[in-house]
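*Asks:* For reference, this is run.txt, and it has compact mmCIF, C-alpha atoms.
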# COMPACT_ATOMS: atom_id res chain seq x y z
CA MET A 1206 36.02 -26.75 7.56
CA SER A 1207 34.35 -28.75 4.78
CA ILE A 1208 30.63 -29.26 4.38
CA THR A 1209 30.83 -32.87 5.51
CA GLU A 1210 32.71 -31.97 8.70
CA GLN A 1211 30.20 -29.45 10.00
CA GLY A 1212 27.21 -30.30 12.16
CA ASN A 1213 23.72 -29.03 12.87
CA TRP A 1214 22.76 -31.58 15.51
CA GLY A 1215 21.47 -31.25 19.04
CA ALA A 1216 18.51 -29.70 20.79
CA ALA A 1217 19.01 -26.16 19.47
CA LYS A 1218 19.04 -26.82 15.72
CA LYS A 1219 19.65 -23.65 13.74
CA PHE A 1220 18.37 -25.08 10.47
CA ARG A 1221 15.60 -27.46 9.49
CA LEU A 1222 13.70 -28.43 6.35
CA VAL A 1223 9.93 -28.24 6.75
CA ILE A 1224 7.00 -29.76 4.86
CA ARG A 1225 3.70 -27.95 4.21
CA GLU A 1226 0.67 -30.28 4.26
CA SER A 1227 -2.91 -28.99 4.12
CA GLY A 1228 -1.85 -25.64 5.53
CA ALA A 1229 0.09 -27.17 8.43
CA ILE A 1230 3.89 -27.12 8.72
CA ARG A 1231 5.95 -29.95 10.17
CA GLU A 1232 9.65 -30.73 10.26
CA MET A 1233 10.87 -33.04 7.51
CA GLY A 1234 11.75 -36.49 8.84
CA GLY A 1235 15.17 -38.12 8.73
CA ASN A 1236 17.80 -39.44 11.10
CA GLU A 1237 19.46 -36.29 12.48
CA MET A 1238 22.81 -38.06 12.77
CA SER A 1239 22.83 -39.39 9.19
CA LEU A 1240 25.50 -37.99 6.92
CA ALA A 1241 23.10 -36.90 4.14
CA VAL A 1242 20.92 -34.90 6.56
CA GLY A 1243 23.98 -33.11 7.96
CA ILE A 1244 25.40 -32.37 4.52
CA VAL A 1245 22.11 -30.92 3.21
CA ASP A 1246 21.67 -28.78 6.34
CA ASN A 1247 25.18 -27.39 6.09
CA ILE A 1248 25.04 -26.70 2.34
CA MET A 1249 21.95 -24.62 3.04
CA MET A 1250 23.41 -22.86 6.08
CA GLN A 1251 26.63 -21.96 4.26
CA ALA A 1252 24.70 -20.56 1.30
CA LEU A 1253 22.44 -18.48 3.54
CA ASP A 1254 25.38 -17.20 5.62
CA LEU A 1255 27.18 -16.16 2.42
CA LYS A 1256 23.98 -14.50 1.10
CA ALA A 1257 24.09 -16.67 -2.02
CA SER A 1258 21.18 -16.36 -4.43
CA ASP A 1259 21.50 -19.84 -5.99
CA ILE A 1260 22.95 -23.25 -5.14
CA HIS A 1261 24.19 -25.47 -7.99
CA LEU A 1262 24.87 -29.18 -7.46
CA GLN A 1263 26.58 -30.25 -10.68
CA PRO A 1264 27.32 -33.95 -11.40
CA GLU A 1265 30.77 -34.72 -12.82
CA ARG A 1266 32.41 -38.05 -13.61
CA GLU A 1267 33.84 -38.66 -10.13
CA GLN A 1268 32.16 -36.07 -7.91
CA LEU A 1269 29.21 -33.76 -7.32
CA ARG A 1270 30.47 -30.18 -7.52
CA ILE A 1271 28.86 -27.59 -5.22
CA ARG A 1272 28.72 -23.97 -6.41
CA PHE A 1273 27.09 -20.87 -4.91
CA ARG A 1274 26.09 -17.75 -6.85
CA GLN A 1275 27.14 -14.66 -4.90
CA ASP A 1276 26.57 -11.14 -6.25
CA GLY A 1277 25.79 -12.69 -9.63
CA ILE A 1278 29.01 -14.76 -9.90
CA LEU A 1279 29.30 -18.54 -9.39
CA HIS A 1280 31.96 -19.71 -6.90
CA ASP A 1281 33.13 -23.27 -6.14
CA ASN A 1282 32.20 -24.36 -2.64
CA GLY A 1283 33.38 -27.95 -2.40
CA GLN A 1284 32.46 -31.33 -3.81
CA LEU A 1285 30.96 -34.64 -2.71
CA PRO A 1286 31.91 -38.20 -3.67
CA PRO A 1287 29.26 -40.14 -5.67
CA GLU A 1288 28.27 -42.39 -2.74
CA GLN A 1289 27.29 -39.35 -0.65
CA ALA A 1290 25.83 -37.40 -3.56
CA ALA A 1291 23.07 -39.93 -4.23
CA ASN A 1292 21.66 -39.66 -0.70
CA VAL A 1293 21.98 -35.87 -0.66
CA LEU A 1294 20.04 -35.56 -3.93
CA ALA A 1295 17.40 -37.99 -2.68
CA ARG A 1296 16.79 -35.86 0.44
CA LEU A 1297 16.57 -32.65 -1.58
CA LYS A 1298 14.15 -34.21 -4.07
CA LEU A 1299 11.93 -35.42 -1.22
CA ALA A 1300 11.99 -31.96 0.37
CA ALA A 1301 10.99 -30.40 -2.98
CA GLY A 1302 8.09 -32.80 -3.49
CA MET A 1303 9.79 -34.56 -6.41
CA ARG A 1304 9.79 -38.27 -7.18
CA ILE A 1305 13.09 -39.81 -6.12
CA ASP A 1306 12.62 -42.78 -8.49
CA GLU A 1307 12.31 -40.47 -11.51
CA THR A 1308 15.75 -39.80 -13.01
CA ARG A 1309 14.98 -39.37 -16.72
CA ASP A 1310 12.65 -36.37 -16.79
CA PRO A 1311 13.15 -32.81 -15.49
CA GLN A 1312 11.31 -32.00 -12.26
CA ASP A 1313 10.48 -28.76 -10.45
CA GLY A 1314 9.51 -28.11 -6.87
CA ARG A 1315 9.69 -25.86 -3.84
CA ILE A 1316 11.65 -26.40 -0.62
CA ASP A 1317 10.58 -24.72 2.63
CA MET A 1318 13.03 -24.25 5.49
CA GLU A 1319 13.68 -22.40 8.74
CA TYR A 1320 17.03 -20.94 9.76
CA ASN A 1321 17.57 -19.08 13.02
CA ASP A 1322 13.80 -18.56 13.26
CA ARG A 1323 13.67 -17.13 9.73
CA LYS A 1324 11.21 -18.76 7.32
CA LEU A 1325 12.74 -19.21 3.87
CA SER A 1326 12.12 -21.21 0.73
CA ALA A 1327 13.87 -22.29 -2.44
CA ARG A 1328 12.67 -22.88 -5.99
CA ALA A 1329 14.20 -26.22 -7.00
CA SER A 1330 14.89 -27.68 -10.44
CA CYS A 1331 16.33 -31.11 -11.23
CA ILE A 1332 17.39 -32.16 -14.72
CA PRO A 1333 19.11 -35.35 -15.98
CA CYS A 1334 22.65 -34.85 -17.32
CA MET A 1335 25.35 -37.15 -18.71
CA ASN A 1336 26.87 -37.88 -15.27
CA GLY A 1337 23.71 -37.83 -13.18
CA GLU A 1338 21.13 -35.24 -12.13
CA LYS A 1339 21.90 -31.54 -11.84
CA PHE A 1340 20.03 -29.88 -8.96
CA VAL A 1341 19.70 -26.08 -8.79
CA MET A 1342 18.00 -24.07 -6.05
CA ARG A 1343 17.07 -20.38 -6.17
CA LEU A 1344 16.99 -19.20 -2.55
CA LEU A 1345 14.01 -17.00 -1.75
CA ASP A 1346 14.53 -14.91 1.38
CA PRO A 1347 11.54 -12.78 2.44
CA GLN A 1348 13.89 -10.53 4.44
CA ALA A 1349 15.98 -9.83 1.33
CA MET A 1350 12.82 -8.98 -0.62
CA LYS A 1351 11.66 -6.43 1.97
CA VAL A 1352 13.15 -3.60 -0.01
CA ASP A 1353 12.07 -0.05 -0.61
CA LEU A 1354 12.86 2.21 -3.53
CA GLU A 1355 15.36 4.15 -1.43
CA GLY A 1356 17.63 1.11 -1.12
CA LEU A 1357 17.69 0.05 -4.78
CA GLY A 1358 20.14 2.68 -5.99
CA MET A 1359 17.85 4.58 -8.34
CA PRO A 1360 19.13 8.06 -9.18
CA ASP A 1361 16.89 10.73 -7.71
CA TYR A 1362 15.47 11.87 -11.06
CA VAL A 1363 14.38 8.28 -11.87
CA LYS A 1364 13.04 7.55 -8.39
CA GLU A 1365 10.85 10.64 -8.17
CA GLU A 1366 9.43 10.11 -11.67
CA TRP A 1367 8.81 6.41 -10.97
CA LYS A 1368 6.90 7.22 -7.77
CA LYS A 1369 4.57 9.44 -9.82
CA LEU A 1370 4.05 6.78 -12.50
CA ILE A 1371 3.00 3.98 -10.12
CA GLN A 1372 0.31 6.23 -8.59
CA VAL A 1373 -1.62 6.60 -11.86
CA PRO A 1374 -5.07 4.97 -11.73
CA TYR A 1375 -4.75 2.78 -14.83
CA GLY A 1376 -2.44 1.80 -17.69
CA LEU A 1377 0.56 -0.47 -18.28
CA ILE A 1378 3.95 -0.05 -16.55
CA LEU A 1379 6.84 -2.33 -17.51
CA VAL A 1380 10.17 -3.22 -15.91
CA THR A 1381 12.63 -4.79 -18.35
CA GLY A 1382 15.97 -6.56 -18.20
CA PRO A 1383 17.47 -10.06 -18.28
CA THR A 1384 16.98 -12.73 -15.62
CA GLY A 1385 18.65 -11.71 -12.36
CA SER A 1386 18.57 -7.95 -13.00
CA GLY A 1387 16.41 -7.11 -9.97
CA LYS A 1388 13.07 -6.59 -11.76
CA THR A 1389 11.05 -8.43 -9.10
CA SER A 1390 12.65 -6.37 -6.31
CA THR A 1391 11.62 -3.18 -8.11
CA LEU A 1392 8.03 -4.39 -8.50
CA TYR A 1393 7.79 -5.50 -4.85
CA ALA A 1394 9.19 -2.17 -3.66
CA SER A 1395 6.66 -0.39 -5.87
CA LEU A 1396 3.71 -2.40 -4.48
CA ASN A 1397 4.81 -1.45 -0.97
CA LEU A 1398 4.18 2.21 -1.87
CA LEU A 1399 0.61 1.62 -3.04
CA ASP A 1400 -2.47 2.03 -0.84
CA ARG A 1401 -3.50 -1.60 -0.36
CA LYS A 1402 -6.14 -0.84 2.26
CA ARG A 1403 -8.40 0.99 -0.18
CA ARG A 1404 -7.26 -0.71 -3.42
CA ASN A 1405 -7.63 -4.35 -4.42
CA ILE A 1406 -4.12 -5.52 -5.41
CA VAL A 1407 -3.57 -8.96 -6.95
CA THR A 1408 -0.39 -10.65 -8.24
CA VAL A 1409 0.36 -13.67 -10.42
CA GLU A 1410 3.94 -14.87 -10.07
CA ASP A 1411 6.29 -17.72 -10.98
CA PRO A 1412 7.46 -18.22 -8.28
CA ILE A 1413 6.07 -16.17 -5.38
CA GLU A 1414 9.33 -14.84 -3.95
CA TYR A 1415 7.95 -12.75 -1.08
CA GLU A 1416 4.71 -13.15 0.82
CA PHE A 1417 3.01 -9.84 1.57
CA GLU A 1418 1.57 -9.59 5.07
CA ASP A 1419 -1.86 -8.21 4.25
CA ASN A 1420 -4.37 -7.12 1.63
CA ILE A 1421 -2.59 -8.54 -1.43
CA ALA A 1422 -3.80 -11.76 -3.07
CA GLN A 1423 -0.89 -13.69 -4.62
CA VAL A 1424 -1.32 -16.58 -7.07
CA GLN A 1425 1.40 -19.07 -8.02
CA VAL A 1426 1.55 -20.12 -11.70
CA THR A 1427 1.19 -23.86 -12.31
CA GLU A 1428 0.99 -26.07 -15.40
CA LYS A 1429 -2.81 -25.97 -15.25
CA MET A 1430 -3.01 -22.29 -14.28
CA GLY A 1431 -0.74 -20.28 -16.57
CA PHE A 1432 -0.44 -16.49 -16.66
CA PRO A 1433 -3.31 -15.92 -19.18
CA ARG A 1434 -5.82 -18.06 -17.28
CA VAL A 1435 -5.05 -16.41 -13.93
CA MET A 1436 -5.15 -12.94 -15.48
CA ARG A 1437 -8.59 -13.57 -17.00
CA SER A 1438 -9.82 -14.77 -13.60
CA PHE A 1439 -8.34 -11.69 -11.92
CA LEU A 1440 -10.46 -9.41 -14.12
CA ARG A 1441 -13.56 -10.95 -12.51
CA GLN A 1442 -12.16 -10.21 -9.03
CA ASP A 1443 -12.68 -6.43 -9.16
CA PRO A 1444 -8.93 -5.55 -9.16
CA ASP A 1445 -7.48 -2.05 -8.99
CA VAL A 1446 -3.84 -3.10 -9.44
CA MET A 1447 -2.57 -6.26 -11.11
CA MET A 1448 1.07 -7.33 -10.92
CA VAL A 1449 2.02 -9.92 -13.56
CA GLY A 1450 5.37 -11.61 -12.98
CA GLU A 1451 6.21 -11.71 -16.68
CA MET A 1452 4.57 -11.09 -20.07
CA ARG A 1453 5.72 -14.36 -21.64
CA ASP A 1454 3.41 -14.68 -24.63
CA PRO A 1455 1.08 -12.69 -26.91
CA GLU A 1456 -2.01 -13.84 -24.99
CA SER A 1457 -0.70 -12.53 -21.65
CA LEU A 1458 0.27 -9.22 -23.25
CA ALA A 1459 -3.12 -8.84 -24.94
CA ILE A 1460 -4.97 -9.43 -21.63
CA GLY A 1461 -2.61 -7.01 -19.83
CA ILE A 1462 -3.17 -4.29 -22.44
CA GLN A 1463 -6.95 -4.72 -22.30
CA ALA A 1464 -6.84 -4.59 -18.50
CA GLY A 1465 -4.81 -1.39 -18.61
CA LEU A 1466 -7.21 0.18 -21.10
CA THR A 1467 -10.30 -0.72 -19.05
CA GLY A 1468 -9.38 0.99 -15.80
CA HIS A 1469 -6.78 -1.25 -14.12
CA LEU A 1470 -3.13 -0.52 -13.33
CA VAL A 1471 -0.97 -3.36 -14.64
CA LEU A 1472 2.66 -3.76 -13.50
CA SER A 1473 4.72 -6.38 -15.31
CA THR A 1474 8.12 -7.33 -16.73
CA LEU A 1475 9.56 -8.07 -20.17
CA HIS A 1476 12.88 -9.58 -21.21
CA THR A 1477 14.40 -6.91 -23.47
CA ASN A 1478 17.79 -5.23 -23.66
CA ASN A 1479 16.59 -1.72 -22.88
CA SER A 1480 13.48 0.36 -22.39
CA ILE A 1481 12.97 1.50 -26.00
CA GLU A 1482 13.33 -2.05 -27.35
CA SER A 1483 10.33 -3.06 -25.22
CA ILE A 1484 8.05 -1.21 -27.63
CA GLY A 1485 9.34 -3.25 -30.58
CA ARG A 1486 9.07 -6.42 -28.49
CA MET A 1487 5.38 -5.74 -27.83
CA LEU A 1488 4.82 -5.22 -31.55
CA ASP A 1489 6.56 -8.56 -32.20
CA MET A 1490 4.08 -10.12 -29.74
CA ASN A 1491 1.20 -8.98 -32.01
CA ALA A 1492 0.18 -5.91 -30.02
CA GLU A 1493 -1.22 -3.07 -32.15
CA SER A 1494 0.75 0.19 -32.08
CA TYR A 1495 -2.36 2.28 -31.33
CA LEU A 1496 -3.14 0.07 -28.31
CA ILE A 1497 0.44 0.33 -27.00
CA SER A 1498 0.40 4.12 -27.33
CA GLY A 1499 -2.96 4.27 -25.57
CA VAL A 1500 -2.11 2.06 -22.58
CA LEU A 1501 1.60 2.66 -21.90
CA VAL A 1502 2.51 4.72 -18.82
CA GLY A 1503 6.26 4.09 -18.54
CA ILE A 1504 9.09 1.59 -19.01
CA MET A 1505 12.01 1.05 -16.64
CA ALA A 1506 15.09 -0.88 -17.78
CA GLN A 1507 17.66 -2.02 -15.25
CA ARG A 1508 20.77 -4.09 -14.56
CA LEU A 1509 22.65 -5.05 -11.39
CA VAL A 1510 26.35 -4.25 -10.92
CA ARG A 1511 28.59 -5.24 -8.02
CA ARG A 1512 29.37 -2.60 -5.40
CA ASN A 1513 32.92 -1.85 -4.35
CA CYS A 1514 33.58 -3.35 -0.91
CA SER A 1515 33.21 -0.59 1.69
CA LYS A 1516 36.00 -2.11 3.82
CA CYS A 1517 38.79 -2.32 1.24
CA SER A 1518 37.95 0.07 -1.61
CA GLU A 1519 40.63 2.67 -2.28
CA PRO A 1520 41.36 5.33 -4.91
CA PHE A 1521 42.31 3.72 -8.22
CA PRO A 1522 43.72 5.29 -11.42
CA TYR A 1523 41.57 3.78 -14.19
CA SER A 1524 43.01 4.02 -17.68
CA ARG A 1525 41.86 6.71 -20.06
CA GLU A 1526 40.53 4.05 -22.44
CA GLU A 1527 38.31 2.48 -19.75
CA LEU A 1528 36.83 5.84 -18.81
CA GLU A 1529 36.30 6.92 -22.42
CA GLU A 1530 34.53 3.65 -23.23
CA LEU A 1531 32.18 4.39 -20.34
CA GLY A 1532 31.50 7.83 -21.79
CA CYS A 1533 33.54 9.91 -19.35
CA THR A 1534 34.99 13.18 -20.62
CA ALA A 1535 37.40 15.72 -19.17
CA THR A 1536 34.48 17.73 -17.80
CA ASP A 1537 33.41 14.74 -15.68
CA MET A 1538 36.75 14.40 -13.89
CA PRO A 1539 36.74 17.35 -11.45
CA GLY A 1540 35.42 15.98 -8.15
CA ALA A 1541 35.37 12.38 -9.39
CA LYS A 1542 35.97 9.72 -6.73
CA LEU A 1543 37.30 6.72 -8.67
CA MET A 1544 37.56 3.68 -6.37
CA LYS A 1545 38.28 -0.04 -6.53
CA GLY A 1546 38.26 -2.78 -3.88
CA LYS A 1547 41.64 -4.47 -3.38
CA GLY A 1548 40.16 -7.56 -1.69
CA CYS A 1549 39.78 -8.42 2.00
CA PRO A 1550 38.22 -11.12 4.22
CA GLU A 1551 34.96 -9.15 4.33
CA CYS A 1552 34.45 -9.58 0.55
CA ASN A 1553 36.26 -12.95 0.21
CA GLY A 1554 39.05 -11.24 -1.69
CA SER A 1555 36.82 -10.15 -4.58
CA GLY A 1556 36.86 -6.40 -3.91
CA PHE A 1557 33.04 -6.35 -4.19
CA LYS A 1558 30.28 -6.68 -1.59
CA GLY A 1559 26.63 -6.52 -2.60
CA ARG A 1560 25.02 -5.15 -5.74
CA ILE A 1561 23.30 -1.96 -6.86
CA GLY A 1562 21.07 -1.22 -9.83
CA VAL A 1563 21.69 0.96 -12.88
CA TYR A 1564 18.50 2.32 -14.42
CA GLU A 1565 16.90 4.11 -17.32
CA LEU A 1566 13.30 5.31 -17.40
CA VAL A 1567 11.09 6.15 -20.37
CA VAL A 1568 7.93 8.11 -19.56
CA ALA A 1569 5.13 7.67 -22.10
CA ASP A 1570 4.41 11.35 -22.63
CA ARG A 1571 2.40 12.77 -25.56
CA PRO A 1572 5.31 12.99 -28.08
CA LEU A 1573 6.34 9.38 -27.40
CA LYS A 1574 2.75 8.12 -27.62
CA GLN A 1575 2.39 9.87 -30.98
CA ALA A 1576 5.64 8.32 -32.25
CA ILE A 1577 4.50 4.85 -31.15
CA HIS A 1578 1.10 5.38 -32.79
CA ASN A 1579 2.89 6.31 -36.03
CA SER A 1580 4.94 3.05 -35.86
CA ALA A 1581 8.23 4.94 -35.52
CA GLY A 1582 11.45 2.90 -35.59
CA TYR A 1583 14.05 2.61 -32.83
CA PRO A 1584 16.18 5.66 -33.88
CA GLU A 1585 13.16 7.95 -34.02
CA LEU A 1586 11.81 6.70 -30.67
CA LEU A 1587 15.23 7.21 -29.07
CA ALA A 1588 15.51 10.73 -30.49
CA THR A 1589 12.02 11.53 -29.15
CA VAL A 1590 12.83 10.50 -25.56
CA ARG A 1591 16.30 12.15 -25.73
CA GLU A 1592 14.58 15.47 -26.42
CA HIS A 1593 12.79 15.11 -23.08
CA GLY A 1594 15.77 14.33 -20.85
CA PHE A 1595 16.16 10.56 -21.21
CA LYS A 1596 19.39 9.15 -19.72
CA SER A 1597 20.56 5.59 -20.51
CA MET A 1598 21.66 2.88 -18.08
CA GLN A 1599 25.25 3.51 -19.18
CA GLU A 1600 24.95 7.16 -18.18
CA ASP A 1601 23.58 6.16 -14.76
CA GLY A 1602 26.44 3.65 -14.44
CA LYS A 1603 28.95 6.36 -15.30
CA LEU A 1604 27.65 8.51 -12.43
CA LYS A 1605 28.01 5.56 -10.04
CA VAL A 1606 31.61 5.00 -11.18
CA LEU A 1607 32.43 8.69 -10.70
CA ALA A 1608 30.94 8.45 -7.20
CA GLY A 1609 33.19 5.47 -6.35
CA THR A 1610 30.29 3.00 -6.01
CA THR A 1611 31.43 0.54 -8.68
CA THR A 1612 33.98 0.07 -11.48
CA PRO A 1613 33.91 0.87 -15.23
CA ASP A 1614 34.30 -2.81 -16.08
CA GLU A 1615 31.26 -3.77 -14.01
CA VAL A 1616 29.08 -1.18 -15.74
CA MET A 1617 30.24 -2.08 -19.25
CA LYS A 1618 29.69 -5.80 -18.67
CA ALA A 1619 26.18 -5.07 -17.42
CA VAL A 1620 25.03 -2.75 -20.21
CA SER A 1621 27.04 -4.10 -23.17
CA THR A 1622 23.96 -5.98 -24.45
CA GLN A 1623 21.85 -2.87 -24.86
CA ALA A 1624 21.49 -1.48 -28.35
CA VAL A 1625 24.15 0.99 -29.47
CA ASP A 1626 22.77 4.50 -29.62
Could you write out this file's structure as structure tokens?

*Replies:*
Amino acid sequence: MSITEQGNWGAAKKFRLVIRESGAIREMGGNEMSLAVGIVDNIMMQALDLKASDIHLQPEREQLRIRFRQDGILHDNGQLPPEQAANVLARLKLAAGMRIDETRDPQDGRIDMEYNDRKLSARASCIPCMNGEKFVMRLLDPQAMKVDLEGLGMPDYVKEEWKKLIQVPYGLILVTGPTGSGKTSTLYASLNLLDRKRRNIVTVEDPIEYEFEDNIAQVQVTEKMGFPRVMRSFLRQDPDVMMVGEMRDPESLAIGIQAGLTGHLVLSTLHTNNSIESIGRMLDMNAESYLISGVLVGIMAQRLVRRNCSKCSEPFPYSREELEELGCTATDMPGAKLMKGKGCPECNGSGFKGRIGVYELVVADRPLKQAIHNSAGYPELLATVREHGFKSMQEDGKLKVLAGTTTPDEVMKAVSTQAVD
């Protein structure tokens, strides 16, 4: 059944767009029987049912193409003719608080919605293209963000060490990786382990993806209130723990380092290929090596790989070349459980269902702090952490392949951007 053929009408509506005004919430207006209202409702319901993370509405010469991102991969999900597309985009722009008469400049907004009594939202972005306006929504599901460390897929040695690191009273802890690698989920799961009754925890985020129920003050970044300005204000709010969504610029990093050195625990993210490269990235952002060595507590790097579908995965004989590229040797093979999904209705024929993280953790112990203070290069820093049991994301991925959780190709695609040891 196509998007335009489905309905969400009647007394017991499953889905509705809502508008927040002065703290109050009301249903967004619109003729329930109009075609645009029905199409928007059903695009949203399909995406939520399929557990999509993003919705892309891409204008082409004779149609508006609809694509959903599932488990990190974009899939076609239908198209709309131009005469319907205009009304659909107008409704979405209104819901996001955008100007519908503005078609030449990019616009950003937030859409609030309710589906089966669940309260959800979407970060919306609209940008003019050659054939019209491209509209992209990142779906933010509070239920999906209610994660704990146990469900993220961290190997036990990483998880136990990470739990110790986030309990330190002050310093800087970083989570690194590209966009969509699960960094925010890791930070949220970490905050859930902290004592927020006796500690003042504050966050600055862009966007706020999950609303904590109590005792955590969350601030949304805006054009007038960027990360540095909010962070400086936080320091006058007597914080114990400060979560910063991202260290985007030298000013944010400098404030974060000073906060960590003056008795606050700062949790944040960086966009780097792996954990060791984060040290060089901070130096590039004008941080002094002696300050980095003094404030750093630990760095976690991570990626997300697709899980083999539990319904259709079966033993699979991977080639010797694939396994060797992953780093597998003959000693790894006894007891290995190599699996691959063959495709079924449960996973839409992909062989994969859901995602799991691969991780590496660098603990800023005394030898590493000394190497950073001495401005050591990447090879020397890597050798230092290797001496103390460091395992890379590829090595964690290898263990997950040997356990039958994912495939060699998934791991290599995820970690191929990290620096070659």

*Asks:* Please report the interatomic distance between atom CA of Lys1596 of chain A and atom CA of Asn1397 of chain A in Å with one decimal.

*Replies:*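 Going from atom CA of Lys1596 of chain A over to atom CA of Asn1397 of chain A covers 26.0 Å.
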
*Asks:* Please indicate the distance in Å from atom CA of Lys1256 of chain A to atom CA of Ala1394 of chain A, rounded to one decimal place.

*Replies:*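 Straight-line distance from atom CA of Lys1256 of chain A to atom CA of Ala1394 of chain A works out to 19.8 Å.
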
*Asks:* List the neighbours of segment 1327-1338 of chain A out to 8 Å using only C-alpha atoms; skip same-chain residues closer than 2 positions along the sequence, and give me the result as a PyMOL selection string.

*Replies:* chain A and resi 1263-1266+1301+1308-1317+1325+1340-1345+1412

*Asks:* The centre and edge lengths of an axis-aligned box containing all atoms of segment 1549-1553 of chain A present in the file, extended by 5 Å on each side, are to be given in Å to one decimal, as AutoDock Vina command-line options.

*Replies:*
--center_x 37.1 --center_y -10.7 --center_z 2.3 --size_x 15.3 --size_y 14.5 --size_z 14.1

*Asks:* Record the distance separating atom CA of Glu1366 of chain A and atom CA of Arg1453 of chain A, expressed in Å with one decimal.

*Replies:* 26.7 Å

*Asks:* Have a look at A:Met1359, A:Leu1294, A:Ile1278, A:Val1223 and name the one nearest to Tyr1320 of chain A; count all atoms listed in the file.

*Replies:* A:Val1223

*Asks:* When you look at segment 1616-1618 of chain A with a cut-off of 8 Å (counting only C-alpha atoms), what residues show up, excluding the ones that are within fewer than 6 positions of it in the same chain? I need them as a PDB file with C-alpha atoms, in the frame of the given file.

*Replies:*
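Okay, this is what ended up in around01.pdb:
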ATOM      1  CA  VAL A1510      26.350  -4.250 -10.920  1.00  0.00           C
ATOM      2  CA  LEU A1531      32.180   4.390 -20.340  1.00  0.00           C
ATOM      3  CA  GLN A1599      25.250   3.510 -19.180  1.00  0.00           C
ATOM      4  CA  GLY A1602      26.440   3.650 -14.440  1.00  0.00           C
ATOM      5  CA  LYS A1603      28.950   6.360 -15.300  1.00  0.00           C
TER       6      LYS A1603
END

*Asks:* Per residue of segment 1436-1471 of chain A within 10 Å of segment 1371-1378 of chain A, what are the shortest atom pair and its distance in Å to one decimal, counting all atoms listed in the file, with rows by chain and residue number, as CSV?

*Replies:*
residue,atom,partner,partner_atom,distance
A:Asp1445,CA,A:Pro1374,CA,7.9
A:Val1446,CA,A:Tyr1375,CA,8.0
A:Met1447,CA,A:Leu1377,CA,9.7
A:Met1448,CA,A:Ile1378,CA,9.6
A:Gly1461,CA,A:Leu1377,CA,7.4
A:Ile1462,CA,A:Leu1377,CA,6.8
A:Gln1463,CA,A:Gly1376,CA,9.2
A:Ala1464,CA,A:Gly1376,CA,7.8
A:Gly1465,CA,A:Gly1376,CA,4.1
A:Leu1466,CA,A:Gly1376,CA,6.1
A:Thr1467,CA,A:Tyr1375,CA,7.8
A:Gly1468,CA,A:Tyr1375,CA,5.1
A:His1469,CA,A:Tyr1375,CA,4.6
A:Leu1470,CA,A:Tyr1375,CA,4.0
A:Val1471,CA,A:Leu1377,CA,4.9

*Asks:* Which residues are close to Thr1610 of chain A, i.e. within 6 Å by only C-alpha atoms, leaving aside same-chain residues fewer than 4 positions away? Reply as a PyMOL selection string.

*Replies:* chain A and resi 1512-1513+1605-1606

*Asks:* Just give me the residues with any atom within 10 Å of (39.5, 5.6, -9.0), file coordinates, counting all atoms listed in the file, written as a list of chain:residue names.

*Replies:*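 Nearby residues: A:Ser1518, A:Glu1519, A:Pro1520, A:Phe1521, A:Pro1522, A:Tyr1523, A:Ser1524, A:Ala1541, A:Lys1542, A:Leu1543, A:Met1544, A:Lys1545, A:Gly1546, A:Val1606, A:Leu1607, A:Ala1608, A:Gly1609, A:Thr1611, A:Thr1612, A:Pro1613.
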
*Asks:* Identify, on the basis of all atoms listed in the file, every residue whose closest approach to Ser1498 of chain A does not exceed 7 Å; exclude the query and any residue fewer than 2 positions from it along the same chain; express the result as a list in words.

*Replies:*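 After dropping sequence-adjacent residues, the list is Ser1494, Tyr1495, Leu1496, Val1500, Leu1501, Lys1574, Ile1577 and His1578 of chain A.
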
*Asks:* Choose the residue, out of A:Gly1548, A:Glu1585, A:Glu1600, A:Leu1370, that has the smallest atom-to-atom separation from Gly1503 of chain A; count all atoms listed in the file.

*Replies:*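 Result for the nearest residue to Gly1503 of chain A: A:Leu1370.
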
*Asks:* Do a neighbour search on Phe1220 of chain A at 10 Å with all atoms listed in the file, toss out local chain neighbours closer than 4 positions, and write the hits as a list in words.

*Replies:*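 Close residues of Phe1220 of chain A: Asn1213, Trp1214, Asp1246, Asn1247, Met1249, Met1250, Met1318, Glu1319, Tyr1320, Asn1321, Asp1322 and Arg1323 of chain A.
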
*Asks:* Between A:Ser1473, A:Thr1381, A:Gly1431, A:Val1293, which is the closest to Val1242 of chain A once you count only C-alpha atoms?

*Replies:*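 Answer, going by the shortest atom-to-atom distance: A:Val1293.
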
*Asks:* Taking (23.1, -36.4, -1.2) as a centre in this file's frame and 12 Å as the limit, can you find every polymer residue with an atom that close, using only C-alpha atoms, and give them as JSON, numbers by chain?

*Replies:* {"A": [1208, 1209, 1239, 1240, 1241, 1242, 1243, 1244, 1245, 1246, 1247, 1248, 1262, 1263, 1264, 1268, 1269, 1270, 1271, 1284, 1285, 1286, 1287, 1288, 1289, 1290, 1291, 1292, 1293, 1294, 1295, 1296, 1297, 1298, 1299, 1305, 1338, 1339, 1340]}
